[in-house]
Amino acid sequence: MIYTVTLNPALDYVMHTGALRTDDINRSVSESLTYGGKGINVSVILSRLGIAGKALGFIGGFTGEYLKKMLCEEGICCDFCEIAGNTRINVKIKAETELDINAQGPAVSDAEIESLLAKIDAVCDGDYLVLAGSIPKNLPADIYETILQRLHKKQVRFVIDATGDLLLHTLRYHPFLIKPNHHELGDLFGVQTDQEETVAHYAAKLQEMGAQNVLVSRSKDGAFLLDAQGKRHSAGAPAGKLINSVGSGDSMVAGFLAGFLQNGDYHAALRLGIACGTATAFSERLATADKIHAILQKTESHTKSGLSPE
């Protein structure tokens with residue numbers, strides 16, 4: 001079973017307008033309402049690939065109920081902790097430029113945190129636990145570490161998609177997979193990571209610090225993987241028009257896990273991860289299974305695998 005944890009999920013209210021004005025009323029051309037949150041995005045892509053999972057996290061109020069309803073319609077098993085506050089609504093305005101206004105999110109009490117931790121305690125040997133995204137400022141800064149500490153004696157494979165110290169502080173728990181993008185990798189070490197050799201060098205540093213597999217997304221250059229056996233794999237992204245970058249990295253994480261679960265092959269996992277991330281980038285929202293499989297067929301000629309570090 002793959003569990004995902006989303007500590008601050010959201011409803012994303014997307015409005016398409018013409019030119020955005022500050023001196024008059026702006027009227028939308030179209031609107032849509034969808035779910036948001038990195039862990040939730042992982043759950044959705046896994047579900048579309050036929051992988052069973054369970055979504056955990058905090059939801060509250062009428063917005064939380066609507067979020068849960070949408071996820072259930074996607075076929076996702078939900079076991080959220082219900083809180084007193086309302087799940088946040090983010091506003092995304094798409095005009096000649098994009099304007100994102102992300103809400104802070106509800107306050108979470110100590111009792112509600114304990115309720116979520118009790119649900120996480122049900123994760124068993126052999127399960128995967130995905131911790132994705134930043135920690136809202138109304139939650140303890142070390143909550144990821146608290147979660148990992150509670151489970152570290154079990155044979156659980158941790159997947160961490162976070163940045164900065166939040167990522168670094170989890171490495172002592174030897175996560176199965178971490179997925180910084182190349183900018184985030186550079187920020188960790190104060191370097192530029194435009195070249196694959198540089199990415200490989202600093203991915204190895206993270207492996208030395210405790211990570212098992214280091215997957216680095218590289219935007220239009222695809223992705224690089226340093227696997228648990230120390231082998232390098234890389235794949236370029238097929239060419240296409242970028243429509244939506246939101247959720248692309250989350251889709252890559254889901255695709256990698258789905259590919260690895262199929263046969264334990266890192267090369268195949270990277271290919272499916274690239275396909276999922278690219279398919280979402282080329283879609284208005286998270287990619288469909290059909291879009292993913294169409295992109296997957298184009299990745300074979302862009303992939304190289306099995307290089308050991310020098």
# chains A, B, ... in the order shown; residues from 1 in each chain; ligands from 1
>>> residues_around(residues="Gly133 in chain A", least_positions_apart="5", cutoff="10 Å", atoms="only C-alpha atoms", output="PDB file with N, CA and C atoms, in the first residue's frame")
ATOM      1  N   VAL A   5       0.742  11.663   2.496  1.00  0.00           N
ATOM      2  CA  VAL A   5       0.370  12.588   3.564  1.00  0.00           C
ATOM      3  C   VAL A   5       0.406  14.011   3.012  1.00  0.00           C
ATOM      4  N   THR A   6      -0.728  14.694   3.070  1.00  0.00           N
ATOM      5  CA  THR A   6      -0.821  16.093   2.649  1.00  0.00           C
ATOM      6  C   THR A   6      -1.276  16.909   3.852  1.00  0.00           C
ATOM      7  N   LEU A   7      -0.369  17.686   4.407  1.00  0.00           N
ATOM      8  CA  LEU A   7      -0.650  18.386   5.660  1.00  0.00           C
ATOM      9  C   LEU A   7      -1.485  19.649   5.465  1.00  0.00           C
ATOM     10  N   ASN A   8      -1.462  20.219   4.262  1.00  0.00           N
ATOM     11  CA  ASN A   8      -2.218  21.448   4.026  1.00  0.00           C
ATOM     12  C   ASN A   8      -2.867  21.394   2.645  1.00  0.00           C
ATOM     13  N   PRO A   9      -3.818  20.469   2.440  1.00  0.00           N
ATOM     14  CA  PRO A   9      -4.462  20.349   1.123  1.00  0.00           C
ATOM     15  C   PRO A   9      -5.274  21.601   0.805  1.00  0.00           C
ATOM     16  N   GLY A  37      -2.483  20.078  -3.607  1.00  0.00           N
ATOM     17  CA  GLY A  37      -1.651  19.503  -2.550  1.00  0.00           C
ATOM     18  C   GLY A  37      -0.763  18.426  -3.131  1.00  0.00           C
ATOM     19  N   LYS A  38       0.539  18.460  -2.806  1.00  0.00           N
ATOM     20  CA  LYS A  38       1.492  17.577  -3.461  1.00  0.00           C
ATOM     21  C   LYS A  38       1.192  16.092  -3.221  1.00  0.00           C
ATOM     22  N   GLY A  39       0.904  15.731  -1.970  1.00  0.00           N
ATOM     23  CA  GLY A  39       0.590  14.334  -1.698  1.00  0.00           C
ATOM     24  C   GLY A  39      -0.663  13.880  -2.414  1.00  0.00           C
ATOM     25  N   ILE A 160      10.336  11.179   0.225  1.00  0.00           N
ATOM     26  CA  ILE A 160      10.324  12.562   0.687  1.00  0.00           C
ATOM     27  C   ILE A 160      10.464  13.494  -0.514  1.00  0.00           C
ATOM     28  N   ASP A 161       9.478  14.361  -0.683  1.00  0.00           N
ATOM     29  CA  ASP A 161       9.558  15.410  -1.705  1.00  0.00           C
ATOM     30  C   ASP A 161       9.408  16.746  -0.983  1.00  0.00           C
ATOM     31  N   ALA A 162      10.547  17.273  -0.534  1.00  0.00           N
ATOM     32  CA  ALA A 162      10.565  18.510   0.246  1.00  0.00           C
ATOM     33  C   ALA A 162      11.845  19.259  -0.090  1.00  0.00           C
ATOM     34  N   THR A 163      12.019  20.430   0.500  1.00  0.00           N
ATOM     35  CA  THR A 163      13.160  21.269   0.167  1.00  0.00           C
ATOM     36  C   THR A 163      13.937  21.674   1.414  1.00  0.00           C
ATOM     37  N   LEU A 166      14.133  20.950   5.619  1.00  0.00           N
ATOM     38  CA  LEU A 166      13.056  19.985   5.795  1.00  0.00           C
ATOM     39  C   LEU A 166      13.433  18.653   5.170  1.00  0.00           C
ATOM     40  N   LEU A 167      14.079  18.690   4.008  1.00  0.00           N
ATOM     41  CA  LEU A 167      14.573  17.473   3.376  1.00  0.00           C
ATOM     42  C   LEU A 167      15.795  16.928   4.114  1.00  0.00           C
ATOM     43  N   ASP A 250       5.168  16.136  -8.754  1.00  0.00           N
ATOM     44  CA  ASP A 250       4.394  15.133  -8.015  1.00  0.00           C
ATOM     45  C   ASP A 250       4.057  13.950  -8.919  1.00  0.00           C
TER      46      ASP A 250
END
>>> residues_around(residues="range 275-291 of chain A", least_positions_apart="4", cutoff="10 Å", atoms="only C-alpha atoms", output="ChimeraX atom specification")
/A:34,41-42,44-50,217,219-220,222-223,235,237-256,269-271,295-299
>>> residues_around(residues="range 204-210 of chain A", least_positions_apart="3", cutoff="6 Å", atoms="only C-alpha atoms", output="ChimeraX atom specification")
/A:171-172,174,201
>>> closest_residue(among="A:Met70, A:Leu257, A:Ala52, A:Ala107", to="Phe176 in chain A", atoms="only C-alpha atoms")
A:Leu257
>>> closest_residue(among="A:Lys179, A:His152, A:Lys69, A:Lys231", to="Val216 in chain A", atoms="only C-alpha atoms")
A:Lys179
>>> select_by_dssp(residues="range 13-250 of chain A", states="helix (DSSP H, G or I)", output="ChimeraX atom specification")
/A:38-48,61-73,110-120,143-151,164-168,171-173,182-189,196-208,219-221,248-250
>>> closest_residue(among="A:Thr63, A:Ser134, A:Asn213, A:Ser109", to="Asp165 in chain A", atoms="only C-alpha atoms")
A:Ser134
>>> select_by_dssp(residues="range 173-239 of chain A", states="strand (DSSP E or B)", output="list in words")
Leu177, Ile178, Asn181, Asn213, Val214, Leu215, Val216, Ser217, Ala223, Phe224, Leu225, Leu226, Arg232, His233, Ser234 and Ala235 of chain A
>>> write_last_selection(atoms="N, CA and C atoms", output="mmCIF file, in the first residue's frame")
data_model
loop_
_atom_site.group_PDB
_atom_site.id
_atom_site.type_symbol
_atom_site.label_atom_id
_atom_site.label_comp_id
_atom_site.auth_asym_id
_atom_site.auth_seq_id
_atom_site.Cartn_x
_atom_site.Cartn_y
_atom_site.Cartn_z
ATOM 1 N N LEU A 177 13.378 7.107 -1.272
ATOM 2 C CA LEU A 177 13.461 8.010 -2.421
ATOM 3 C C LEU A 177 13.334 9.454 -1.964
ATOM 4 N N ILE A 178 14.192 10.321 -2.500
ATOM 5 C CA ILE A 178 13.989 11.763 -2.377
ATOM 6 C C ILE A 178 13.965 12.337 -3.790
ATOM 7 N N ASN A 181 14.185 19.020 -7.298
ATOM 8 C CA ASN A 181 14.479 19.407 -8.673
ATOM 9 C C ASN A 181 15.893 19.981 -8.707
ATOM 10 N N ASN A 213 17.729 6.311 -2.887
ATOM 11 C CA ASN A 213 17.604 6.675 -4.298
ATOM 12 C C ASN A 213 17.388 8.183 -4.386
ATOM 13 N N VAL A 214 18.124 8.839 -5.268
ATOM 14 C CA VAL A 214 18.011 10.286 -5.445
ATOM 15 C C VAL A 214 17.540 10.546 -6.883
ATOM 16 N N LEU A 215 16.325 11.054 -6.995
ATOM 17 C CA LEU A 215 15.730 11.373 -8.288
ATOM 18 C C LEU A 215 15.679 12.892 -8.415
ATOM 19 N N VAL A 216 16.333 13.428 -9.432
ATOM 20 C CA VAL A 216 16.414 14.876 -9.620
ATOM 21 C C VAL A 216 15.687 15.239 -10.916
ATOM 22 N N SER A 217 14.591 15.970 -10.796
ATOM 23 C CA SER A 217 13.895 16.440 -11.990
ATOM 24 C C SER A 217 14.644 17.634 -12.549
ATOM 25 N N ALA A 223 15.208 14.017 -16.349
ATOM 26 C CA ALA A 223 15.503 13.694 -14.955
ATOM 27 C C ALA A 223 16.749 12.825 -14.869
ATOM 28 N N PHE A 224 17.330 12.820 -13.680
ATOM 29 C CA PHE A 224 18.513 12.006 -13.382
ATOM 30 C C PHE A 224 18.222 11.190 -12.136
ATOM 31 N N LEU A 225 18.641 9.949 -12.149
ATOM 32 C CA LEU A 225 18.472 9.070 -10.989
ATOM 33 C C LEU A 225 19.803 8.455 -10.613
ATOM 34 N N LEU A 226 20.154 8.578 -9.335
ATOM 35 C CA LEU A 226 21.246 7.798 -8.756
ATOM 36 C C LEU A 226 20.590 6.749 -7.881
ATOM 37 N N ARG A 232 23.892 5.225 -12.295
ATOM 38 C CA ARG A 232 23.278 6.424 -12.830
ATOM 39 C C ARG A 232 22.292 6.067 -13.949
ATOM 40 N N HIS A 233 21.204 6.787 -13.972
ATOM 41 C CA HIS A 233 20.223 6.669 -15.053
ATOM 42 C C HIS A 233 19.787 8.082 -15.408
ATOM 43 N N SER A 234 19.602 8.357 -16.680
ATOM 44 C CA SER A 234 19.092 9.670 -17.059
ATOM 45 C C SER A 234 18.144 9.528 -18.235
ATOM 46 N N ALA A 235 17.215 10.470 -18.313
ATOM 47 C CA ALA A 235 16.236 10.461 -19.402
ATOM 48 C C ALA A 235 15.871 11.888 -19.745
#
>>> atom_distance(atom1="CA of Ala122 in chain A", atom2="CA of Gln149 in chain A")
14.0 Å
>>> closest_residue(among="A:Leu56, A:Leu33, A:Leu71, A:Leu261", to="Lys119 in chain A", atoms="only C-alpha atoms")
A:Leu56
>>> atom_distance(atom1="CA of Gly60 in chain A", atom2="CA of Arg150 in chain A")
24.9 Å
>>> residues_around(residues="Tyr144 in chain A", least_positions_apart="6", cutoff="9 Å", atoms="only C-alpha atoms", output="VMD selection string")
chain A and resid 131 135 166 169 to 170
>>> atom_distance(atom1="CA of Ala294 in chain A", atom2="CA of Gly273 in chain A")
13.3 Å
>>> residues_around(residues="Ala10 in chain A", least_positions_apart="5", cutoff="9 Å", atoms="only C-alpha atoms", output="JSON, numbers by chain")
{"A": [34, 35, 36, 37, 59, 63, 64, 67, 87, 88, 89, 90, 102, 103, 105]}
